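A.B. asks: Hey, dropping data.txt in here, compact mmCIF, C-alpha atoms:
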```txt
# COMPACT_ATOMS: atom_id res chain seq x y z
CA MET P 7 -38.61 -69.03 -64.01
CA THR P 8 -37.43 -70.74 -60.86
CA ASP P 9 -39.64 -70.88 -57.81
CA ALA P 10 -38.88 -68.53 -54.97
CA SER P 11 -37.01 -69.77 -51.94
CA PHE P 12 -38.34 -69.28 -48.44
CA GLU P 13 -35.63 -66.68 -47.86
CA GLU P 14 -36.60 -64.69 -50.93
CA LEU P 15 -40.25 -64.61 -49.89
CA SER P 16 -39.93 -64.13 -46.15
CA MET P 17 -37.05 -61.71 -45.56
CA PRO P 18 -38.63 -58.72 -47.34
CA LEU P 19 -41.50 -58.99 -44.83
CA PHE P 20 -39.25 -59.03 -41.76
CA ASP P 21 -39.70 -55.38 -40.73
CA GLN P 22 -43.47 -55.46 -41.16
CA LEU P 23 -43.77 -58.71 -39.25
CA TYR P 24 -41.67 -57.29 -36.42
CA ASN P 25 -43.73 -54.09 -36.25
CA PHE P 26 -46.97 -56.08 -36.17
CA ALA P 27 -45.57 -58.45 -33.53
CA HIS P 28 -44.53 -55.54 -31.32
CA TRP P 29 -47.99 -53.95 -31.55
CA LEU P 30 -49.53 -57.26 -30.48
CA THR P 31 -47.14 -58.11 -27.64
CA GLN P 32 -46.34 -54.56 -26.49
CA ASP P 33 -42.89 -55.83 -25.52
CA LYS P 34 -39.59 -55.92 -27.40
CA SER P 35 -38.29 -59.32 -26.33
CA GLU P 36 -41.70 -60.96 -26.71
CA ALA P 37 -41.95 -59.46 -30.17
CA GLU P 38 -38.57 -60.95 -31.05
CA ASP P 39 -39.60 -64.37 -29.72
CA LEU P 40 -42.85 -64.18 -31.66
CA VAL P 41 -41.11 -63.28 -34.92
CA GLN P 42 -38.50 -65.98 -34.42
CA GLU P 43 -41.13 -68.64 -33.76
CA THR P 44 -43.14 -67.45 -36.77
CA TYR P 45 -40.18 -67.83 -39.10
CA ALA P 46 -39.45 -71.29 -37.67
CA LYS P 47 -43.06 -72.43 -38.11
CA ALA P 48 -43.31 -70.93 -41.58
CA LEU P 49 -40.11 -72.67 -42.61
CA ARG P 50 -41.39 -76.01 -41.33
CA GLY P 51 -44.68 -75.60 -43.16
CA PHE P 52 -43.19 -74.17 -46.32
CA SER P 53 -43.16 -77.46 -48.22
CA GLY P 54 -46.93 -77.44 -48.04
CA PHE P 55 -47.16 -73.87 -49.30
CA ARG P 56 -48.44 -73.56 -52.88
CA THR P 57 -46.63 -71.03 -55.07
CA GLY P 58 -48.97 -68.46 -56.54
CA THR P 59 -51.02 -68.18 -53.36
CA ASN P 60 -50.59 -65.26 -51.00
CA PHE P 61 -47.39 -65.73 -49.00
CA ARG P 62 -47.78 -62.52 -47.02
CA ALA P 63 -51.27 -63.41 -45.78
CA TRP P 64 -50.02 -66.92 -44.99
CA ILE P 65 -47.08 -65.82 -42.85
CA PHE P 66 -49.02 -63.03 -41.11
CA ARG P 67 -51.65 -65.62 -40.24
CA ILE P 68 -48.98 -67.85 -38.70
CA LEU P 69 -47.67 -64.94 -36.63
CA ARG P 70 -51.09 -63.95 -35.43
CA ASN P 71 -52.13 -67.51 -34.53
CA THR P 72 -48.82 -68.05 -32.74
CA PHE P 73 -49.49 -64.91 -30.71
CA LEU P 74 -53.04 -66.05 -29.84
CA THR P 75 -51.76 -69.35 -28.46
CA SER P 76 -48.87 -67.81 -26.53
CA ARG P 77 -49.08 -67.02 -22.83
CA THR P 78 -49.62 -63.30 -23.46
CA GLY P 79 -52.07 -63.98 -26.26
CA LEU P 80 -54.24 -66.28 -24.17
CA LYS P 81 -54.32 -63.66 -21.41
CA VAL P 82 -55.61 -60.91 -23.66
CA ALA P 83 -57.77 -63.13 -25.86
CA GLY P 84 -60.85 -62.63 -23.73
CA GLN P 85 -61.00 -58.91 -24.49
CA GLY P 86 -64.47 -58.23 -25.70
CA GLU P 87 -65.50 -55.80 -28.34
CA GLU P 88 -69.03 -55.47 -27.04
CA GLU P 89 -68.40 -52.80 -24.43
CA LEU P 90 -66.84 -50.55 -27.03
CA ASP P 91 -70.04 -50.56 -29.05
CA ALA P 92 -71.94 -49.43 -25.99
CA LEU P 93 -70.02 -46.16 -25.87
CA ALA P 94 -71.96 -43.26 -27.25
CA SER P 95 -70.21 -41.82 -30.25
CA VAL P 96 -69.75 -38.11 -29.81
CA ASP P 97 -69.71 -35.80 -32.78
CA PRO P 98 -66.65 -33.59 -32.35
CA SER P 99 -66.06 -30.26 -34.00
CA PRO P 100 -64.05 -30.63 -37.23
CA GLU P 101 -61.07 -28.65 -35.88
CA ALA P 102 -60.78 -30.86 -32.80
CA ILE P 103 -60.31 -33.98 -34.87
CA LEU P 104 -57.71 -32.34 -37.08
CA ILE P 105 -55.64 -31.37 -34.07
CA VAL P 106 -55.87 -34.80 -32.53
CA LYS P 107 -54.83 -36.51 -35.73
CA ALA P 108 -51.78 -34.35 -36.10
CA ASP P 109 -50.31 -35.77 -32.91
CA ARG P 110 -48.73 -39.15 -33.62
CA SER P 111 -48.12 -40.07 -30.02
CA LEU P 112 -51.80 -39.62 -29.16
CA VAL P 113 -52.78 -41.87 -32.04
CA ARG P 114 -50.21 -44.43 -30.86
CA GLN P 115 -51.57 -44.31 -27.34
CA ALA P 116 -55.08 -44.84 -28.66
CA LEU P 117 -53.93 -47.80 -30.76
CA GLN P 118 -52.30 -49.37 -27.72
CA GLU P 119 -55.49 -48.99 -25.72
CA LEU P 120 -57.68 -50.67 -28.31
CA SER P 121 -58.59 -54.31 -27.77
CA ILE P 122 -56.52 -56.81 -29.74
CA PRO P 123 -59.22 -57.61 -32.34
CA PHE P 124 -59.63 -53.90 -33.14
CA ARG P 125 -55.93 -53.08 -33.01
CA GLU P 126 -54.84 -55.92 -35.26
CA ILE P 127 -57.45 -55.29 -37.95
CA LEU P 128 -56.59 -51.58 -38.12
CA LEU P 129 -52.89 -52.39 -38.40
CA LEU P 130 -53.49 -54.91 -41.18
CA CYS P 131 -55.69 -52.50 -43.12
CA GLU P 132 -53.95 -49.15 -42.60
CA VAL P 133 -50.31 -50.04 -41.91
CA GLU P 134 -49.92 -53.21 -43.97
CA GLU P 135 -52.40 -51.91 -46.55
CA MET P 136 -53.95 -55.32 -47.00
CA ALA P 137 -57.10 -55.75 -49.08
CA TYR P 138 -60.22 -57.04 -47.32
CA GLU P 139 -59.69 -60.45 -48.96
CA GLU P 140 -56.17 -60.68 -47.59
CA ILE P 141 -57.27 -59.60 -44.10
CA ALA P 142 -59.97 -62.28 -44.29
CA GLN P 143 -57.25 -64.87 -44.90
CA VAL P 144 -55.03 -63.66 -42.08
CA LEU P 145 -57.84 -63.59 -39.52
CA ALA P 146 -59.69 -66.61 -40.98
CA ILE P 147 -63.00 -64.75 -41.07
CA PRO P 148 -65.38 -63.92 -43.95
CA ILE P 149 -65.04 -60.63 -45.81
CA GLY P 150 -68.35 -59.37 -44.36
CA THR P 151 -66.92 -59.74 -40.87
CA VAL P 152 -63.76 -57.88 -41.96
CA MET P 153 -65.87 -54.95 -43.04
CA SER P 154 -68.05 -54.84 -39.94
CA ARG P 155 -65.11 -55.26 -37.59
CA LEU P 156 -63.18 -52.49 -39.36
CA HIS P 157 -66.18 -50.24 -39.01
CA ARG P 158 -66.38 -50.89 -35.27
CA ALA P 159 -62.62 -50.60 -34.81
CA ARG P 160 -62.57 -47.20 -36.52
CA LYS P 161 -65.48 -46.04 -34.40
CA ALA P 162 -63.71 -47.17 -31.24
CA LEU P 163 -60.50 -45.41 -32.28
CA ARG P 164 -62.40 -42.22 -33.01
CA THR P 165 -64.01 -42.34 -29.56
CA LEU P 166 -60.64 -42.90 -27.88
CA LEU P 167 -59.04 -40.03 -29.78
CA ILE P 168 -61.80 -37.66 -28.75
CA GLU P 169 -61.36 -38.70 -25.11
CA LYS P 170 -57.64 -38.12 -25.35
CA PHE P 171 -58.10 -34.75 -26.90
CA LYS P 172 -60.43 -33.81 -24.08
CA GLY P 173 -57.69 -34.82 -21.67
CA GLY P 174 -59.54 -37.75 -20.18
CA SER P 175 -58.61 -41.40 -20.47
CA HIS P 176 -60.84 -44.38 -20.96
CA GLY P 177 -60.01 -47.95 -20.15
CA LEU P 178 -60.75 -49.26 -23.64
CA MET J 14 -73.74 -35.75 -42.59
CA ALA J 15 -73.35 -38.50 -45.22
CA CYS J 16 -76.30 -39.47 -47.41
CA GLU J 17 -78.27 -42.59 -46.53
CA LEU J 18 -77.69 -44.06 -49.97
CA TRP J 19 -73.90 -43.90 -49.86
CA SER J 20 -72.91 -43.98 -46.19
CA ASP J 21 -72.14 -47.71 -46.07
CA LYS J 22 -70.02 -47.51 -49.24
CA LEU J 23 -67.75 -44.71 -48.04
CA ALA J 24 -65.46 -46.97 -46.03
CA ALA J 25 -65.02 -49.37 -48.94
CA TYR J 26 -64.39 -46.40 -51.23
CA VAL J 27 -61.64 -45.04 -49.01
CA ASP J 28 -60.14 -48.54 -48.65
CA GLY J 29 -60.06 -48.95 -52.43
CA GLU J 30 -62.46 -51.89 -52.31
CA LEU J 31 -65.27 -50.64 -54.54
CA SER J 32 -65.48 -51.90 -58.10
CA LEU J 33 -64.45 -49.40 -60.77
CA PRO J 34 -68.03 -48.55 -61.84
CA GLN J 35 -69.14 -48.12 -58.21
CA ALA J 36 -66.11 -45.98 -57.36
CA TYR J 37 -66.77 -43.82 -60.40
CA GLU J 38 -70.42 -43.38 -59.42
CA LEU J 39 -69.52 -42.43 -55.86
CA GLY J 40 -66.80 -40.08 -57.11
CA THR J 41 -69.40 -38.26 -59.19
CA HIS J 42 -71.71 -38.05 -56.17
CA LEU J 43 -68.94 -36.59 -54.03
CA ARG J 44 -68.49 -33.71 -56.40
CA GLY J 45 -72.03 -32.59 -55.62
CA CYS J 46 -72.44 -33.60 -51.99
CA SER J 47 -70.50 -31.71 -49.32
CA GLY J 48 -71.73 -33.99 -46.52
CA CYS J 49 -70.30 -37.14 -48.08
CA ALA J 50 -67.20 -35.32 -49.29
CA ALA J 51 -66.44 -34.08 -45.77
CA GLU J 52 -66.96 -37.58 -44.40
CA VAL J 53 -64.61 -39.08 -46.99
CA LEU J 54 -61.97 -36.45 -46.27
CA GLU J 55 -62.10 -37.20 -42.56
CA ARG J 56 -61.82 -40.93 -43.18
CA VAL J 57 -58.83 -40.48 -45.45
CA GLN J 58 -57.11 -38.29 -42.86
CA THR J 59 -57.74 -40.84 -40.11
CA LYS J 60 -56.47 -43.64 -42.32
CA ARG J 61 -53.28 -41.72 -43.07
CA SER J 62 -52.63 -40.83 -39.46
CA VAL J 63 -53.11 -44.43 -38.30
CA ALA J 64 -50.76 -45.63 -41.06
CA ASP J 65 -48.25 -43.01 -40.03
CA ALA J 66 -48.47 -43.69 -36.29
CA GLY J 67 -48.57 -47.45 -36.81
CA LYS J 68 -45.28 -47.76 -38.69
CA TYR J 69 -43.33 -47.44 -35.50
CA PHE J 70 -41.43 -50.41 -34.13
CA GLU J 71 -38.13 -51.31 -35.73
CA PRO J 72 -36.17 -54.48 -35.15
CA SER J 73 -32.64 -54.13 -33.78
CA SER J 74 -29.81 -54.87 -36.21
CA GLU J 75 -28.67 -57.79 -34.02
CA PHE J 76 -32.09 -59.40 -34.20
CA ARG J 77 -32.24 -58.83 -37.95
CA LYS J 78 -28.88 -60.54 -38.44
CA LYS J 79 -29.99 -63.41 -36.23
CA ILE J 80 -33.07 -64.13 -38.32
CA GLU J 81 -31.26 -63.55 -41.62
CA MET J 82 -28.61 -66.09 -40.70
CA SER J 83 -31.00 -68.81 -39.58
CA VAL J 84 -33.28 -68.33 -42.59
CA HIS J 85 -30.35 -68.33 -44.99
CA LYS J 86 -29.02 -71.58 -43.56
CA SER J 87 -32.28 -73.47 -43.78
CA SER J 88 -34.00 -71.85 -46.74
CA LYS J 89 -35.75 -74.26 -49.07
CA ARG J 90 -37.30 -73.82 -52.51
CA THR J 91 -40.95 -74.57 -53.16
CA SER J 92 -40.42 -77.24 -55.79
CA ILE J 93 -37.71 -79.24 -57.52
CA ARG J 94 -38.44 -77.96 -61.02
CA GLY J 95 -35.01 -76.38 -61.41
CA TRP J 96 -33.09 -79.68 -61.27
CA GLN J 97 -31.39 -81.21 -64.31
CA ILE J 98 -32.02 -84.94 -64.66
CA VAL J 99 -29.17 -86.98 -66.15
CA ALA J 100 -30.45 -89.99 -68.12
CA LEU J 101 -28.03 -92.72 -66.94
CA PRO J 102 -29.65 -95.90 -65.54
CA ALA J 103 -27.87 -95.82 -62.17
CA ALA J 104 -28.38 -92.11 -61.81
CA LEU J 105 -32.04 -92.59 -62.74
CA ILE J 106 -32.60 -95.11 -59.95
CA LEU J 107 -30.89 -92.84 -57.47
CA ILE J 108 -32.97 -89.86 -58.57
CA LEU J 109 -36.20 -91.85 -58.43
CA SER J 110 -35.53 -92.96 -54.87
CA LEU J 111 -34.59 -89.41 -53.90
CA ALA J 112 -37.76 -88.15 -55.50
CA VAL J 113 -39.85 -90.71 -53.60
CA GLY J 114 -38.03 -89.79 -50.39
CA PHE J 115 -38.59 -86.14 -51.16
CA PHE J 116 -42.25 -86.80 -51.97
CA VAL J 117 -42.72 -88.70 -48.72
CA SER J 118 -41.14 -85.97 -46.63
CA ARG J 119 -43.09 -83.30 -48.54
CA GLU J 120 -46.24 -85.30 -47.82
CA LYS J 121 -45.31 -85.47 -44.18
CA ALA J 122 -44.59 -81.76 -44.04
CA LYS J 123 -47.88 -81.02 -45.78
CA ARG J 124 -49.74 -83.27 -43.38
CA ASP J 125 -48.04 -81.79 -40.32
CA HIS J 126 -48.90 -78.36 -41.66
CA VAL J 127 -52.60 -79.24 -41.93
CA TYR J 128 -52.66 -80.69 -38.42
CA GLY J 129 -50.83 -77.63 -37.16
CA GLU J 130 -53.46 -75.41 -38.76
CA LEU J 131 -56.29 -77.42 -37.21
CA ALA J 132 -54.63 -77.36 -33.80
CA ASP J 133 -54.25 -73.59 -34.12
CA LEU J 134 -57.92 -73.21 -35.11
CA HIS J 135 -58.95 -75.34 -32.14
CA VAL J 136 -56.84 -73.37 -29.66
CA ALA J 137 -57.94 -70.02 -31.09
CA THR J 138 -61.54 -71.13 -30.55
CA LEU J 139 -60.85 -72.14 -26.96
CA ALA J 140 -59.17 -68.81 -26.29
CA SER J 141 -61.82 -66.70 -27.96
CA ALA J 142 -64.45 -64.70 -26.10
CA THR J 143 -66.94 -65.77 -28.77
CA PRO J 144 -65.94 -69.34 -29.52
CA VAL J 145 -69.06 -70.17 -31.51
CA ASP J 146 -71.29 -68.23 -33.85
CA VAL J 147 -74.31 -70.45 -33.30
CA VAL J 148 -74.85 -71.38 -29.67
CA SER J 149 -77.01 -74.42 -29.18
CA THR J 150 -76.97 -77.88 -27.72
CA ASP J 151 -79.58 -78.87 -30.27
CA LYS J 152 -78.29 -80.34 -33.50
CA HIS J 153 -81.59 -79.36 -35.15
CA THR J 154 -80.64 -75.71 -34.60
CA VAL J 155 -76.96 -76.01 -35.38
CA LYS J 156 -77.17 -78.06 -38.58
CA PRO J 157 -79.50 -75.71 -40.55
CA TRP J 158 -77.54 -72.66 -39.39
CA PHE J 159 -74.74 -73.73 -41.73
CA GLU J 160 -77.00 -73.69 -44.80
CA GLY J 161 -75.82 -71.03 -47.23
CA LYS J 162 -72.61 -70.58 -45.28
CA ILE J 163 -70.87 -73.73 -46.46
CA PRO J 164 -71.25 -75.69 -49.73
CA PHE J 165 -72.31 -79.02 -48.20
CA THR J 166 -74.48 -80.57 -45.48
CA PHE J 167 -73.64 -83.13 -42.83
CA ASN J 168 -75.36 -85.16 -40.10
CA LEU J 169 -74.79 -84.85 -36.39
CA PRO J 170 -75.31 -87.65 -33.86
CA GLU J 171 -77.81 -87.90 -31.05
CA LEU J 172 -75.99 -87.48 -27.76
CA HIS J 173 -78.54 -88.81 -25.24
CA GLY J 174 -76.93 -91.26 -22.86
CA THR J 175 -73.40 -90.15 -23.76
CA ASP J 176 -71.09 -87.82 -21.85
CA PHE J 177 -70.79 -85.49 -24.85
CA GLU J 178 -72.61 -82.21 -25.19
CA LEU J 179 -72.83 -79.98 -28.27
CA VAL J 180 -71.76 -76.41 -27.47
CA GLY J 181 -72.30 -74.87 -30.89
CA GLY J 182 -70.59 -74.22 -34.18
CA ARG J 183 -68.86 -71.75 -36.48
CA VAL J 184 -67.52 -71.58 -40.00
CA ALA J 185 -63.84 -72.46 -40.25
CA TYR J 186 -61.40 -72.17 -43.12
CA LEU J 187 -58.69 -74.66 -44.09
CA GLY J 188 -56.58 -73.85 -47.12
CA GLN J 189 -59.10 -71.07 -47.77
CA ALA J 190 -61.93 -73.59 -48.22
CA PRO J 191 -64.93 -73.10 -45.91
CA GLY J 192 -66.10 -75.85 -43.63
CA ALA J 193 -67.87 -76.47 -40.34
CA GLN J 194 -66.38 -76.46 -36.88
CA LEU J 195 -68.52 -78.00 -34.15
CA ILE J 196 -67.51 -77.66 -30.52
CA TYR J 197 -68.35 -80.53 -28.19
CA ARG J 198 -67.86 -80.69 -24.45
CA LEU J 199 -66.82 -83.81 -22.59
CA ARG J 200 -66.72 -83.32 -18.84
CA LYS J 201 -64.36 -80.32 -18.48
CA HIS J 202 -62.76 -80.59 -21.93
CA GLU J 203 -63.63 -79.20 -25.32
CA LEU J 204 -63.23 -81.00 -28.61
CA SER J 205 -63.47 -79.56 -32.09
CA VAL J 206 -64.94 -81.46 -35.00
CA PHE J 207 -63.91 -80.04 -38.37
CA ILE J 208 -65.78 -81.03 -41.51
CA PHE J 209 -64.52 -80.05 -44.97
CA GLN J 210 -65.16 -81.22 -48.49
CA ASP J 211 -62.82 -84.07 -49.31
CA ARG J 212 -60.44 -82.93 -51.99
CA GLY J 213 -59.63 -86.51 -52.97
CA THR J 214 -56.15 -86.88 -54.32
CA GLU J 215 -54.48 -84.35 -52.04
CA MET J 216 -52.75 -86.68 -49.65
CA ALA J 217 -51.58 -90.29 -49.94
CA SER J 218 -52.28 -90.88 -46.26
CA TRP J 219 -54.00 -88.69 -43.75
CA ALA J 220 -53.06 -90.67 -40.68
CA PRO J 221 -51.40 -88.34 -38.18
CA ASP J 222 -47.75 -89.19 -37.67
CA PRO J 223 -47.28 -90.36 -34.08
CA THR J 224 -43.71 -89.07 -34.12
CA SER J 225 -44.89 -85.53 -34.86
CA MET J 226 -45.00 -83.15 -31.96
CA LEU J 227 -48.76 -82.76 -31.77
CA SER J 228 -50.07 -81.63 -28.41
CA PHE J 229 -53.61 -82.78 -29.18
CA THR J 230 -55.21 -86.10 -30.05
CA PHE J 231 -56.53 -86.35 -33.60
CA GLU J 232 -58.70 -88.70 -35.55
CA THR J 233 -59.70 -88.39 -39.19
CA TRP J 234 -61.77 -90.18 -41.83
CA THR J 235 -63.74 -89.53 -45.01
CA LYS J 236 -67.37 -90.32 -45.59
CA ASN J 237 -69.80 -89.24 -48.32
CA GLY J 238 -67.26 -86.90 -49.90
CA LEU J 239 -66.53 -85.11 -46.63
CA ARG J 240 -63.36 -85.22 -44.59
CA TYR J 241 -63.78 -85.19 -40.81
CA PHE J 242 -61.18 -84.26 -38.21
CA VAL J 243 -61.73 -84.63 -34.48
CA VAL J 244 -59.26 -82.85 -32.22
CA GLY J 245 -59.08 -82.43 -28.48
CA ASP J 246 -56.97 -82.35 -25.38
CA VAL J 247 -58.36 -85.74 -24.30
CA SER J 248 -57.41 -89.40 -24.52
CA GLY J 249 -57.40 -91.40 -27.74
CA ALA J 250 -60.34 -93.41 -26.41
CA ASP J 251 -62.46 -90.25 -25.93
CA VAL J 252 -61.66 -88.94 -29.41
CA ASN J 253 -62.45 -92.40 -30.71
CA ALA J 254 -65.83 -92.43 -28.94
CA LEU J 255 -66.89 -89.11 -30.46
CA SER J 256 -65.62 -90.19 -33.87
CA LYS J 257 -67.69 -93.34 -33.70
CA LEU J 258 -70.83 -91.36 -32.83
CA LEU J 259 -70.21 -89.05 -35.79
CA ARG J 260 -69.51 -91.90 -38.18
CA ASP J 261 -72.68 -93.73 -37.15
CA ALA J 262 -74.74 -90.59 -37.69
CA GLY J 263 -73.79 -90.75 -41.37
```
Translate the structure of the given file into structure tokens.

C.D. replies:
Amino acid sequence: MTDASFEELSMPLFDQLYNFAHWLTQDKSEAEDLVQETYAKALRGFSGFRTGTNFRAWIFRILRNTFLTSRTGLKVAGQGEEELDALASVDPSPEAILIVKADRSLVRQALQELSIPFREILLLCEVEEMAYEEIAQVLAIPIGTVMSRLHRARKALRTLLIEKFKGGSHGL
Amino acid sequence: MACELWSDKLAAYVDGELSLPQAYELGTHLRGCSGCAAEVLERVQTKRSVADAGKYFEPSSEFRKKIEMSVHKSSKRTSIRGWQIVALPAALILILSLAVGFFVSREKAKRDHVYGELADLHVATLASATPVDVVSTDKHTVKPWFEGKIPFTFNLPELHGTDFELVGGRVAYLGQAPGAQLIYRLRKHELSVFIFQDRGTEMASWAPDPTSMLSFTFETWTKNGLRYFVVGDVSGADVNALSKLLRDAG
């Protein structure tokens, strides 16, 4: 069995990487720049990559770190998660939540309004369907932190969705 | 709502992260508990709707072609195992020198990759709202904080009479191995000190390549089975001064 080439490993992930990049940058041309730089960096570092380890986590980590050190990334990096915890969590009626969840554009709006740490972890877990261990590798945090951050991110999303359903907006 | 006993396992259950016996146990519980069942249902629905809403942005076909072309041109394989070696003396010498050249450039690429990772970790820390997990200028607070979080201990220097100040520390990962990251301040700059277990035969030489495009100053050494890296946006002399303090501390 021959070892995989960079092309064979990286191109199947192109669409997911682009989607993730766009959610982070909120801008088409920045997303393209980010993806391009990620592929370039990954290619340069590929000789050091050990076959059998997780390529997807590795390249997502490169993308995410590249974003954090970019101009846009540094601007949004200071977003705190603390204020979101301070929000009281309201218990909605079951029907209200079902209606809200049916509307994709509301969910998208809510995702966009989340802070970067909450948005990225939800995307990695729900959209990329990564296991906690893989998310831990991408974000370079312990698994315990993955679980607690996911918990807080989901709570924040729930709060945002309720606000949207009520017709209000919240600068979260 | 959800039962006390199970409420913290519901998220892991829905994410498919519980072990088989635990998942089975919770599944049995759900059949008899409407509170937990309702909670699980809601979580699954939220998960699905986020997944659905999140798969949204598509790359243009021009951009796709652009990346495909550049990747195809420069794509490399991860090892040279597929090559056939012809056993003629001249060919053998040529192959040996190629292999050495290949090894050297692989080493360089590996080394650059590690320094790139460390630089990224350092910058991510600088940019973070919570750069350290233990905040203290006192090494007697910071050092024990790492116990149980990393598989080794280390000594930190006394900083009285120097311009350096300890800001705090956090756990950092390099190649998925846990280690310590200490943040020091020197006047208006921050330096990171990374300490990992030395994995011995990994690299022929750790010295950073001066021709590499590194935007930070690095210094590295091993001592007592630990590998130290000092990185900062400061002069070589400043990095050297901190390195000396660390080395003297043992």

A.B. asks: What lies within 12 Å of P:Glu43 using all atoms listed in the file, ignoring chain neighbours under 2 positions off, as a list of chain:residue names?

C.D. replies: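 Contacts, with the query itself left out: P:Leu23, P:Tyr24, P:Ala27, P:Glu36, P:Ala37, P:Glu38, P:Asp39, P:Leu40, P:Val41, P:Tyr45, P:Ala46, P:Lys47, P:Ala48, P:Leu49, P:Arg50, P:Ile65, P:Ile68, P:Leu69, P:Arg70, P:Asn71, P:Thr72, P:Phe73, P:Thr75, P:Ser76, J:Ile80, J:Ser83, J:Val84.
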
A.B. asks: Can you write just those residues out, C-alpha atoms, as a JSON list (two decimals), keeping the file's coordinate frame?

C.D. replies:
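And here's result15.json as it stands now:
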```json
[["chain", "number", "residue", "atom", "x", "y", "z"],
["P", 23, "LEU", "CA", -43.77, -58.71, -39.25],
["P", 24, "TYR", "CA", -41.67, -57.29, -36.42],
["P", 27, "ALA", "CA", -45.57, -58.45, -33.53],
["P", 36, "GLU", "CA", -41.70, -60.96, -26.71],
["P", 37, "ALA", "CA", -41.95, -59.46, -30.17],
["P", 38, "GLU", "CA", -38.57, -60.95, -31.05],
["P", 39, "ASP", "CA", -39.60, -64.37, -29.72],
["P", 40, "LEU", "CA", -42.85, -64.18, -31.66],
["P", 41, "VAL", "CA", -41.11, -63.28, -34.92],
["P", 45, "TYR", "CA", -40.18, -67.83, -39.10],
["P", 46, "ALA", "CA", -39.45, -71.29, -37.67],
["P", 47, "LYS", "CA", -43.06, -72.43, -38.11],
["P", 48, "ALA", "CA", -43.31, -70.93, -41.58],
["P", 49, "LEU", "CA", -40.11, -72.67, -42.61],
["P", 50, "ARG", "CA", -41.39, -76.01, -41.33],
["P", 65, "ILE", "CA", -47.08, -65.82, -42.85],
["P", 68, "ILE", "CA", -48.98, -67.85, -38.70],
["P", 69, "LEU", "CA", -47.67, -64.94, -36.63],
["P", 70, "ARG", "CA", -51.09, -63.95, -35.43],
["P", 71, "ASN", "CA", -52.13, -67.51, -34.53],
["P", 72, "THR", "CA", -48.82, -68.05, -32.74],
["P", 73, "PHE", "CA", -49.49, -64.91, -30.71],
["P", 75, "THR", "CA", -51.76, -69.35, -28.46],
["P", 76, "SER", "CA", -48.87, -67.81, -26.53],
["J", 80, "ILE", "CA", -33.07, -64.13, -38.32],
["J", 83, "SER", "CA", -31.00, -68.81, -39.58],
["J", 84, "VAL", "CA", -33.28, -68.33, -42.59]]
```

A.B. asks: Please determine the contact residues of chain P with respect to chain J at a cut-off of 6 Å, counting only C-alpha atoms, and supply them as an MDAnalysis selection string.

C.D. replies: chainID P and resid 11:13 25 51 53:54 80 83:84 110 114 132:133

A.B. asks: One decimal, Å: what's the distance from atom CA of J:Leu239 over to atom CA of J:Thr154, could you say?

C.D. replies: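 Between these atoms lies a distance of 20.8 Å.
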
A.B. asks: Compare J:Val180, J:Leu204, J:Leu199, J:Leu23 by their minimum atom-to-atom distance to J:Ala132, counting only C-alpha atoms, and give me the closest one.

C.D. replies: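 Of all the options, J:Leu204 lies closest to J:Ala132.
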
A.B. asks: Between atom CA of J:Val147 and atom CA of J:Gly181, what distance in Å does the model show, to one decimal?

C.D. replies: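 Calculated distance between atom CA of J:Val147 and atom CA of J:Gly181 is 5.4 Å.
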
A.B. asks: By how many Å are atom CA of J:Gly174 and atom CA of J:Lys201 apart?

C.D. replies: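 Calculated distance between atom CA of J:Gly174 and atom CA of J:Lys201 is 17.2 Å.
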
A.B. asks: Contacts of P:Val82 at 9 Å or less, counting only C-alpha atoms, minus same-chain residues fewer than 6 places along, as a PyMOL selection string?

C.D. replies: chain P and resi 74+121-122

A.B. asks: Residues of the last selection are to be written out with C-alpha atoms, as a JSON list (two decimals), keeping the file's coordinate frame.

C.D. replies:
```json
[["chain", "number", "residue", "atom", "x", "y", "z"],
["P", 74, "LEU", "CA", -53.04, -66.05, -29.84],
["P", 121, "SER", "CA", -58.59, -54.31, -27.77],
["P", 122, "ILE", "CA", -56.52, -56.81, -29.74]]
```

A.B. asks: With all atoms listed in the file as the counted atoms, please give the residues lying no more than 10 Å from stretch 39-50 of chain J, apart from itself and same-chain residues fewer than 3 positions off, as a list in words.

C.D. replies: Met14, Ala15, Cys16, Glu17, Trp19, Ser20, Lys22, Leu23, Tyr26, Leu31, Leu33, Pro34, Gln35, Ala36, Val53, Leu54, Glu55 and Arg56 of chain J

A.B. asks: Which is closest to J:Phe242 among J:Phe165, J:Phe207, J:Phe177, J:Trp158, if we use all atoms listed in the file?

C.D. replies: J:Phe207
